[in-house]
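Source file coords_0.csv; content: CSV, C-alpha atoms.
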```csv
chain,number,residue,atom,x,y,z
A,310,MET,CA,60.0,51.0,-3.1
A,311,GLN,CA,56.8,49.8,-1.5
A,312,GLN,CA,57.1,47.7,1.6
A,313,VAL,CA,54.3,46.1,3.7
A,314,GLU,CA,54.4,43.9,6.7
A,315,LEU,CA,51.7,41.2,6.4
A,316,ALA,CA,50.8,38.5,8.9
A,317,THR,CA,52.5,36.0,6.6
A,318,GLY,CA,55.7,37.9,5.9
A,319,THR,CA,57.3,41.0,4.4
A,320,LEU,CA,56.5,42.0,0.8
A,321,LYS,CA,58.6,44.6,-1.1
A,322,CYS,CA,57.8,46.0,-4.5
A,323,ARG,CA,59.8,48.2,-6.8
A,324,VAL,CA,58.1,50.0,-9.7
A,325,GLN,CA,60.1,50.3,-12.9
A,326,LYS,CA,57.5,51.8,-15.3
A,327,ALA,CA,53.9,52.9,-14.8
A,328,ASP,CA,51.4,55.2,-16.3
A,329,PHE,CA,49.2,55.1,-13.2
A,330,THR,CA,50.6,55.4,-9.6
A,331,PHE,CA,51.0,52.2,-7.6
A,332,THR,CA,48.4,53.3,-5.0
A,333,GLU,CA,45.9,53.9,-7.8
A,334,LEU,CA,46.3,50.4,-9.1
A,335,CYS,CA,46.7,48.1,-6.1
A,336,ASP,CA,47.2,47.3,-2.5
A,337,PHE,CA,48.3,44.2,-0.5
A,338,ALA,CA,46.8,41.4,1.5
A,339,ALA,CA,47.8,38.1,3.1
A,340,ARG,CA,46.7,34.8,1.6
A,341,ASN,CA,45.9,31.9,3.8
A,342,ASN,CA,48.3,29.8,1.6
A,343,GLN,CA,51.6,28.3,2.6
A,344,LYS,CA,52.7,28.2,-1.0
A,345,ARG,CA,52.2,32.0,-1.5
A,346,GLY,CA,51.4,34.1,1.5
A,347,PHE,CA,50.7,37.4,-0.2
A,348,LEU,CA,48.2,38.9,-2.7
A,349,PHE,CA,48.3,42.0,-4.8
A,350,VAL,CA,44.8,43.4,-4.4
A,351,SER,CA,43.8,45.3,-7.5
A,352,LYS,CA,41.9,48.5,-7.1
A,353,VAL,CA,40.9,48.5,-10.8
A,354,LEU,CA,39.9,44.9,-11.5
A,355,GLY,CA,36.5,44.8,-9.8
A,356,LYS,CA,37.2,41.6,-7.8
A,357,HIS,CA,38.3,42.1,-4.2
A,358,TRP,CA,37.9,45.9,-4.2
A,359,PRO,CA,34.9,48.0,-5.3
A,360,THR,CA,35.7,49.6,-8.6
A,361,THR,CA,33.8,52.0,-10.8
A,362,PRO,CA,33.0,50.6,-14.3
A,363,THR,CA,34.5,53.7,-15.9
A,364,ARG,CA,37.9,53.0,-14.2
A,365,MET,CA,37.7,49.4,-15.3
A,366,ARG,CA,37.0,50.4,-18.9
A,367,GLN,CA,39.9,52.8,-18.8
A,368,ILE,CA,42.2,49.9,-17.9
A,369,HIS,CA,40.7,47.7,-20.6
A,370,ASP,CA,41.2,50.4,-23.2
A,371,TYR,CA,44.8,51.1,-22.1
A,372,LEU,CA,45.8,47.5,-22.4
A,373,ALA,CA,44.0,47.0,-25.7
A,374,GLN,CA,45.7,50.1,-27.2
A,375,SER,CA,49.1,48.6,-26.3
A,376,LEU,CA,48.4,45.5,-28.5
A,377,THR,CA,49.5,45.4,-32.1
A,378,ILE,CA,48.1,42.3,-33.8
A,379,THR,CA,49.9,41.7,-37.1
A,380,ALA,CA,48.7,38.2,-37.9
A,381,THR,CA,45.2,36.7,-37.8
A,382,PRO,CA,43.3,34.8,-36.7
A,383,CYS,CA,44.0,35.8,-33.1
A,384,LEU,CA,42.9,34.0,-29.9
A,385,PHE,CA,42.4,35.8,-26.6
A,386,ILE,CA,42.5,33.7,-23.4
A,387,ALA,CA,41.9,35.0,-19.9
A,388,LEU,CA,42.9,33.1,-16.7
A,389,ALA,CA,40.1,32.0,-14.3
A,390,GLU,CA,38.9,33.1,-12.0
A,391,THR,CA,40.3,36.5,-11.3
A,392,ALA,CA,41.0,37.7,-14.8
A,393,THR,CA,37.9,36.5,-16.7
A,394,GLY,CA,36.3,39.9,-16.7
A,395,LEU,CA,39.5,41.8,-17.4
A,396,GLY,CA,40.3,39.5,-20.4
A,397,GLN,CA,36.8,39.9,-21.9
A,398,GLY,CA,37.0,43.6,-21.4
A,399,VAL,CA,40.3,43.9,-23.2
A,400,PHE,CA,39.0,41.6,-26.0
A,401,GLU,CA,35.9,43.8,-26.5
A,402,ALA,CA,38.1,46.9,-26.5
A,403,THR,CA,40.0,45.5,-29.5
A,404,LEU,CA,37.0,44.5,-31.6
A,405,ALA,CA,37.0,47.7,-33.7
A,406,GLN,CA,40.4,46.8,-35.0
A,407,GLN,CA,40.3,42.9,-34.8
A,408,HIS,CA,37.5,41.1,-36.6
A,409,ASP,CA,39.0,37.6,-37.0
A,410,SER,CA,39.4,36.9,-33.3
A,411,LEU,CA,37.9,34.9,-30.5
A,412,PHE,CA,37.8,35.2,-26.7
A,413,LEU,CA,37.9,32.2,-24.2
A,414,HIS,CA,38.6,32.0,-20.5
A,415,SER,CA,39.8,29.1,-18.6
A,416,THR,CA,37.7,27.5,-15.9
A,417,ARG,CA,37.8,25.1,-13.0
A,418,TYR,CA,34.5,23.4,-13.9
A,419,ARG,CA,34.5,20.0,-15.7
A,420,VAL,CA,31.6,19.7,-18.2
A,421,PRO,CA,31.0,16.1,-19.4
A,422,GLY,CA,31.5,15.5,-23.1
A,423,ARG,CA,33.5,18.6,-23.7
A,424,GLN,CA,37.2,18.5,-24.9
A,425,ALA,CA,39.5,20.5,-22.7
A,426,ILE,CA,43.1,21.4,-22.3
A,427,ILE,CA,44.3,20.9,-18.7
A,428,PHE,CA,47.1,23.0,-17.2
A,429,GLN,CA,48.3,23.9,-13.7
A,430,GLU,CA,48.3,27.0,-11.5
A,431,GLU,CA,50.6,25.5,-9.0
A,432,HIS,CA,50.5,28.1,-6.2
A,433,CYS,CA,46.7,28.3,-6.1
A,434,HIS,CA,44.3,26.7,-3.7
A,435,ALA,CA,42.5,25.2,-6.8
A,436,PRO,CA,45.5,24.4,-9.0
A,437,GLU,CA,43.9,22.6,-12.0
A,438,GLN,CA,42.5,24.7,-14.8
A,439,LEU,CA,40.7,23.7,-18.0
A,440,LEU,CA,40.4,25.5,-21.3
A,441,TYR,CA,37.5,24.2,-23.5
A,442,GLU,CA,37.8,23.8,-27.2
A,443,PRO,CA,34.8,25.7,-28.9
A,444,LEU,CA,32.1,23.6,-30.5
A,445,HIS,CA,30.9,26.3,-33.0
A,446,PRO,CA,32.9,25.5,-36.2
A,447,PRO,CA,34.1,29.1,-37.0
A,448,HIS,CA,35.2,29.5,-33.4
A,449,ARG,CA,37.0,26.1,-33.5
A,450,HIS,CA,38.8,27.2,-36.6
A,451,ILE,CA,40.3,30.2,-34.8
A,452,PHE,CA,41.1,28.1,-31.8
A,453,GLN,CA,43.0,25.5,-33.9
A,454,ASN,CA,44.7,28.0,-36.3
A,455,ALA,CA,45.4,31.2,-34.4
A,456,ARG,CA,48.7,32.8,-35.4
A,457,GLU,CA,48.8,35.2,-32.4
A,458,LEU,CA,47.7,34.4,-28.9
A,459,VAL,CA,46.9,37.0,-26.2
A,460,VAL,CA,46.9,35.7,-22.7
A,461,ILE,CA,45.4,37.9,-20.0
A,462,ASP,CA,45.9,37.7,-16.2
A,463,ASP,CA,45.4,40.4,-13.6
A,464,GLU,CA,48.9,40.1,-12.2
A,465,ILE,CA,52.1,38.4,-13.3
A,466,SER,CA,54.8,37.4,-10.9
A,467,THR,CA,56.7,34.3,-12.1
A,468,GLY,CA,54.6,33.8,-15.3
A,469,THR,CA,54.7,30.0,-14.7
A,470,THR,CA,51.0,29.5,-15.1
A,471,LEU,CA,50.9,31.5,-18.4
A,472,CYS,CA,53.7,29.4,-19.7
A,473,HIS,CA,52.0,26.2,-18.7
A,474,LEU,CA,48.9,27.3,-20.6
A,475,VAL,CA,50.8,28.3,-23.8
A,476,ASN,CA,52.8,25.1,-23.9
A,477,ALA,CA,49.6,23.1,-23.4
A,478,TYR,CA,47.7,25.1,-26.1
A,479,ARG,CA,50.5,24.8,-28.7
A,480,ARG,CA,50.0,21.0,-28.8
A,481,HIS,CA,46.6,21.8,-30.4
A,482,ASN,CA,47.8,24.6,-32.7
A,483,PRO,CA,51.0,24.2,-34.7
A,484,TYR,CA,50.5,27.6,-36.5
A,485,LEU,CA,51.1,29.9,-33.5
A,486,GLU,CA,53.7,32.6,-34.3
A,487,ARG,CA,53.6,35.1,-31.4
A,488,VAL,CA,52.3,35.4,-27.9
A,489,HIS,CA,51.3,38.5,-25.9
A,490,PHE,CA,51.1,38.5,-22.1
A,491,VAL,CA,48.7,41.2,-20.9
A,492,THR,CA,48.3,42.2,-17.3
A,493,ILE,CA,47.6,45.1,-15.0
A,494,THR,CA,50.6,44.7,-12.8
A,495,ASP,CA,53.7,42.8,-14.1
A,496,PHE,CA,56.2,42.0,-11.3
A,497,SER,CA,58.2,39.4,-13.4
A,498,GLY,CA,61.2,41.7,-13.9
A,499,GLU,CA,63.0,43.5,-16.7
A,500,LYS,CA,64.2,40.5,-18.6
A,501,SER,CA,61.0,38.5,-18.4
A,502,SER,CA,60.0,38.8,-22.1
A,503,ALA,CA,63.2,37.1,-23.2
A,504,LEU,CA,62.9,34.5,-20.5
A,505,PHE,CA,59.3,33.7,-21.3
A,506,SER,CA,60.2,33.5,-25.0
A,507,SER,CA,62.9,30.9,-24.2
A,508,ARG,CA,60.5,28.9,-22.1
A,509,ILE,CA,57.8,28.5,-24.7
A,510,GLY,CA,59.9,28.8,-27.9
A,511,LEU,CA,58.0,31.7,-29.4
A,512,PRO,CA,58.4,35.5,-29.3
A,513,VAL,CA,56.6,36.9,-26.3
A,514,GLN,CA,55.6,40.6,-25.9
A,515,MET,CA,54.7,42.0,-22.4
A,516,HIS,CA,51.9,44.5,-22.0
A,517,ALA,CA,51.2,46.0,-18.5
A,518,VAL,CA,49.9,49.1,-16.9
A,519,LEU,CA,52.6,48.9,-14.3
A,520,SER,CA,55.9,46.9,-14.4
A,521,GLY,CA,58.4,46.2,-11.6
A,522,ASP,CA,59.7,43.4,-9.4
A,523,PHE,CA,59.0,42.2,-5.9
A,524,SER,CA,60.4,40.0,-3.1
A,525,PHE,CA,58.6,38.2,-0.4
A,526,THR,CA,60.2,37.1,2.9
A,527,PRO,CA,57.9,34.6,4.7
A,528,ASP,CA,57.5,34.9,8.4
A,529,PRO,CA,59.0,31.7,9.8
A,530,ASP,CA,56.6,31.7,12.7
A,531,TRP,CA,53.5,32.0,10.6
A,532,MET,CA,51.5,28.9,10.0
A,533,ALA,CA,48.5,28.7,7.6
A,534,GLU,CA,45.2,28.4,9.3
A,535,PRO,CA,43.2,25.3,8.4
A,536,ALA,CA,41.3,26.5,5.4
A,537,PRO,CA,38.2,24.9,3.9
A,538,PRO,CA,38.8,23.1,0.6
A,539,ALA,CA,38.8,25.4,-2.5
A,540,VAL,CA,37.9,22.5,-4.8
A,541,GLY,CA,34.7,20.5,-4.7
A,542,ASN,CA,33.8,17.7,-7.2
A,543,ASN,CA,34.7,20.2,-10.0
A,544,HIS,CA,31.8,19.1,-12.1
A,545,CYS,CA,28.9,21.2,-13.3
A,546,ASP,CA,25.6,20.4,-15.0
A,547,PHE,CA,25.8,22.0,-18.4
A,548,GLU,CA,22.4,23.6,-17.9
A,549,GLN,CA,23.9,25.7,-15.1
A,550,LEU,CA,26.4,27.4,-17.4
A,551,ILE,CA,25.6,30.0,-20.0
A,552,GLU,CA,27.5,29.0,-23.1
A,553,SER,CA,27.7,32.3,-24.8
A,554,PHE,CA,29.7,34.3,-22.2
A,555,GLY,CA,33.3,33.3,-22.8
A,556,ARG,CA,33.9,29.9,-21.3
A,557,PHE,CA,33.1,28.2,-24.6
A,558,GLY,CA,34.1,31.0,-27.0
A,559,ILE,CA,32.6,34.3,-27.9
A,560,ASP,CA,33.4,36.7,-30.8
A,561,HIS,CA,31.3,39.8,-30.0
A,562,ARG,CA,30.6,42.3,-27.2
A,563,ILE,CA,28.0,41.6,-24.5
A,564,ASP,CA,25.3,44.2,-24.3
A,565,ILE,CA,22.5,44.7,-21.7
A,566,PRO,CA,18.9,44.9,-23.0
A,567,ALA,CA,17.3,48.3,-22.2
A,568,ALA,CA,14.3,46.6,-20.6
A,569,ASP,CA,16.6,44.8,-18.1
A,570,LEU,CA,18.2,48.1,-17.1
A,571,VAL,CA,14.8,49.6,-16.5
A,572,ARG,CA,13.7,46.6,-14.4
A,573,LEU,CA,16.8,46.4,-12.3
A,574,SER,CA,16.9,50.1,-11.5
A,575,ALA,CA,13.2,50.5,-10.9
A,576,GLY,CA,12.3,52.6,-7.9
A,577,LEU,CA,15.8,54.0,-7.3
A,578,ASP,CA,16.6,57.7,-6.9
A,579,SER,CA,18.7,59.2,-9.8
A,580,ASP,CA,21.7,59.5,-7.6
A,581,ALA,CA,21.4,56.0,-5.9
A,582,ARG,CA,24.5,54.0,-5.1
A,583,ILE,CA,24.5,50.5,-6.7
A,584,LEU,CA,26.8,47.6,-6.2
A,585,VAL,CA,26.9,45.1,-9.1
A,586,LEU,CA,28.3,41.7,-8.2
A,587,GLY,CA,29.7,39.0,-10.4
A,588,THR,CA,29.9,35.4,-9.1
A,589,GLY,CA,33.2,33.6,-9.4
A,590,GLU,CA,34.3,33.2,-13.0
A,591,PHE,CA,31.1,34.9,-14.2
A,592,MET,CA,32.4,38.4,-13.8
A,593,HIS,CA,32.1,40.3,-17.1
A,594,LEU,CA,28.3,40.7,-17.1
A,595,ALA,CA,28.6,42.7,-13.9
A,596,PHE,CA,31.0,45.1,-15.6
A,597,ARG,CA,28.7,45.5,-18.6
A,598,LEU,CA,25.7,46.0,-16.4
A,599,GLY,CA,27.5,48.5,-14.2
A,600,LEU,CA,28.7,50.5,-17.2
A,601,ALA,CA,25.2,50.7,-18.6
A,602,LEU,CA,23.7,51.8,-15.2
A,603,GLU,CA,26.5,54.3,-14.7
A,604,ALA,CA,25.6,55.8,-18.1
A,605,ARG,CA,22.1,56.4,-16.8
A,606,GLY,CA,23.5,58.5,-13.9
A,607,PHE,CA,23.7,56.1,-11.1
A,608,THR,CA,26.7,55.8,-8.8
A,609,VAL,CA,28.0,52.3,-9.5
A,610,VAL,CA,30.8,50.0,-8.3
A,611,VAL,CA,31.6,46.5,-9.4
A,612,GLN,CA,32.9,43.5,-7.5
A,613,ALA,CA,32.8,39.7,-7.6
A,614,THR,CA,32.7,36.7,-5.3
A,615,THR,CA,35.7,34.4,-5.1
A,616,ARG,CA,36.8,31.0,-3.9
A,617,SER,CA,40.1,32.4,-2.7
A,618,PRO,CA,40.6,32.6,1.1
A,619,ILE,CA,42.2,35.9,2.1
A,620,LEU,CA,43.1,36.9,5.6
A,621,ILE,CA,41.5,39.9,7.2
A,622,GLY,CA,44.0,42.8,7.4
A,623,ALA,CA,45.8,45.2,5.2
A,624,ALA,CA,43.6,45.8,2.1
A,625,ILE,CA,40.9,43.3,3.3
A,626,GLN,CA,38.8,44.8,6.0
A,627,LYS,CA,35.5,42.9,5.6
A,628,ARG,CA,34.7,39.3,4.6
A,629,LEU,CA,31.5,37.4,4.0
A,630,ILE,CA,31.6,33.6,3.8
A,631,PHE,CA,28.9,31.5,2.1
A,632,LEU,CA,28.5,28.3,0.1
A,633,ASP,CA,29.3,28.5,-3.6
A,634,ASN,CA,26.4,28.8,-6.1
A,635,TYR,CA,27.8,26.0,-8.4
A,636,GLY,CA,26.9,23.1,-6.1
A,637,GLU,CA,30.5,22.2,-5.3
A,638,GLY,CA,29.9,22.3,-1.6
A,639,ILE,CA,32.8,24.7,-1.0
A,640,TYR,CA,33.0,28.1,0.6
A,641,ASN,CA,33.0,31.3,-1.4
A,642,TYR,CA,34.0,34.8,-0.2
A,643,LEU,CA,33.1,38.4,-0.7
A,644,TYR,CA,35.5,41.0,0.5
A,645,ASN,CA,35.3,44.7,1.5
A,646,VAL,CA,31.5,44.9,1.1
A,647,ASP,CA,29.2,46.7,3.5
A,648,SER,CA,25.8,46.1,2.2
A,649,CYS,CA,24.4,49.1,4.1
A,650,GLU,CA,26.3,51.5,1.8
A,651,TYR,CA,24.1,50.6,-1.2
A,652,ALA,CA,20.6,51.4,-2.2
A,653,ARG,CA,20.6,48.2,-4.4
A,654,ILE,CA,22.8,45.2,-4.8
A,655,ILE,CA,22.5,43.3,-8.1
A,656,ILE,CA,24.0,39.8,-8.3
A,657,CYS,CA,24.8,38.7,-11.8
A,658,HIS,CA,24.8,34.9,-12.1
A,659,GLU,CA,24.5,32.0,-14.5
A,660,THR,CA,23.4,29.3,-12.0
A,661,PRO,CA,19.8,28.9,-10.9
A,662,THR,CA,18.5,31.7,-8.7
A,663,ASP,CA,18.0,29.5,-5.6
A,664,THR,CA,21.7,28.7,-5.5
A,665,LEU,CA,22.2,32.3,-4.3
A,666,ASP,CA,19.9,32.1,-1.3
A,667,GLU,CA,22.6,32.2,1.3
A,668,LEU,CA,24.4,35.2,-0.3
A,669,VAL,CA,21.2,37.1,-0.8
A,670,GLN,CA,20.2,36.6,2.9
A,671,LEU,CA,23.6,37.9,4.0
A,672,LEU,CA,23.3,41.0,1.7
A,673,GLY,CA,19.8,41.9,2.7
A,674,SER,CA,16.4,42.7,1.2
A,675,HIS,CA,17.7,45.4,-1.1
A,676,CYS,CA,19.6,42.6,-3.1
A,677,VAL,CA,18.2,41.4,-6.4
A,678,THR,CA,19.5,38.8,-8.9
A,679,TYR,CA,20.1,39.0,-12.6
A,680,ARG,CA,20.5,36.0,-14.9
A,681,PRO,CA,20.5,37.0,-18.5
A,682,CYS,CA,19.1,35.0,-21.4
A,683,SER,CA,21.9,32.8,-22.9
```

Could you take the file, read its structure, and then write that structure out as structure tokens?
Amino acid sequence: MQQVELATGTLKCRVQKADFTFTELCDFAARNNQKRGFLFVSKVLGKHWPTTPTRMRQIHDYLAQSLTITATPCLFIALAETATGLGQGVFEATLAQQHDSLFLHSTRYRVPGRQAIIFQEEHCHAPEQLLYEPLHPPHRHIFQNARELVVIDDEISTGTTLCHLVNAYRRHNPYLERVHFVTITDFSGEKSSALFSSRIGLPVQMHAVLSGDFSFTPDPDWMAEPAPPAVGNNHCDFEQLIESFGRFGIDHRIDIPAADLVRLSAGLDSDARILVLGTGEFMHLAFRLGLALEARGFTVVVQATTRSPILIGAAIQKRLIFLDNYGEGIYNYLYNVDSCEYARIIICHETPTDTLDELVQLLGSHCVTYRPCS
């Protein structure tokens, strides 16, 4: 039994099954959120905690190997914002076995003229999520005709958001036969597979690195701090978004051009320590770049910025606050980063470079930006 006293209350977790130890996989923090005052901070996700690309790939491979897809086409969907990179990594790890498949991730950005499924993540500061229907005809065929659906999130507690997504998606695809819920830590309990199956009316298989259950007792004296809004106008200029990286459908692995690796690591010692940052939902490129730089001998860790306000304490020891790079006028955050620890910080982004000016200034002169070709 793991127990932690947070500013917001007491969190208890019991592990039922795991192939990695609890402390290898996650830690805890307090969320500035009256609806859910706790957060499982993953140590292997590359979001709120610095994670090596090798360890991230190990988790992707582990989860991919647990999947058995018996009917195609197959659609993979990852939940924004935290699981976008995890989901694309799991998808890529299955490509050797699955050829008739597609990856999408949900988003919080509205794009004019695009058809989207809307569903709710009720406990979140930004509860509305969108899933766009692909425009490319072969991708749209998979989206509308998938027989198996793989839904990826970094952590499952009640599973309500995943069920909301599946129920909304089924209205667009009458051929779906089976659903897989894939996660790093599953705290939904021993009978969750049967319960989820009854909630969506289809067989559900659970896949997790660690399974268990939890309880949270809120501190009755704690009151949420006034938090800046986590949702702006929720609209984006399409030119700001790279279409080929998952938000609108992708069926292949992302690779980093060798020339970009040379340019981004120019002038560094062979043992230099590098931080590769994703931005919000745009996480997966940071993993792919980090993995490629790691293969060249550098010491690399990966993280990403987020719109989620987390309280300082427990697993969160440092916090940077800055305006988001998508023009929503909201604050974003970067946790547990001391820029002095790195010889170079590379920010991976899809928005124009000048949208990162405040973050670059906070991180220092050894920070560079990387926006790939679409």

task = Report the distance between CA of Ser415 (chain A) and CA of Ala387 (chain A) in Å, rounded to one decimal place.
result = 6.4 Å

message = Around the point (39.5, 35.8, -31.6) (coordinates from the file), which residues reach within 12 Å if we count only C-alpha atoms? Answer as a PyMOL selection string.
response = chain A and resi 378+380-387+396-397+399-401+403-404+406-414+443+447-460+555+558-562

key: Distance query Ser574 (chain A) at most 12 Å, only C-alpha atoms, self and fewer than 2 positions along chain excluded, as a PyMOL selection string   = chain A and resi 567-572+576-585+598-599+601-603+605-609+652-655+675-679

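We find CA of Leu474 (chain A) and CA of Ala517 (chain A) to be spaced 19.0 Å apart.
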
Straight-line distance linking CA of Ser648 (chain A) with CA of Phe631 (chain A), stated in Å to one decimal = 14.9 Å

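Of the listed residues (A:Ile630, A:Leu471, A:Leu519, A:Ile619), A:Leu519 comes nearest to Glu333 (chain A); the distances count all atoms listed in the file.
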
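Within a radius of 12 Å around (64.1, 35.0, -17.7), the polymer residues are Ser466, Thr467, Gly468, Thr469, Cys472, Ser497, Gly498, Glu499, Lys500, Ser501, Ser502, Ala503, Leu504, Phe505, Ser506, Ser507, Arg508, Ile509 and Val513 of chain A, counting all atoms listed in the file.
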
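Between Ser617 (chain A) and the candidates A:Tyr478, A:Phe329, A:Tyr441, A:Phe347, the tightest atom-to-atom separation, counting all atoms listed in the file, involves A:Phe347.
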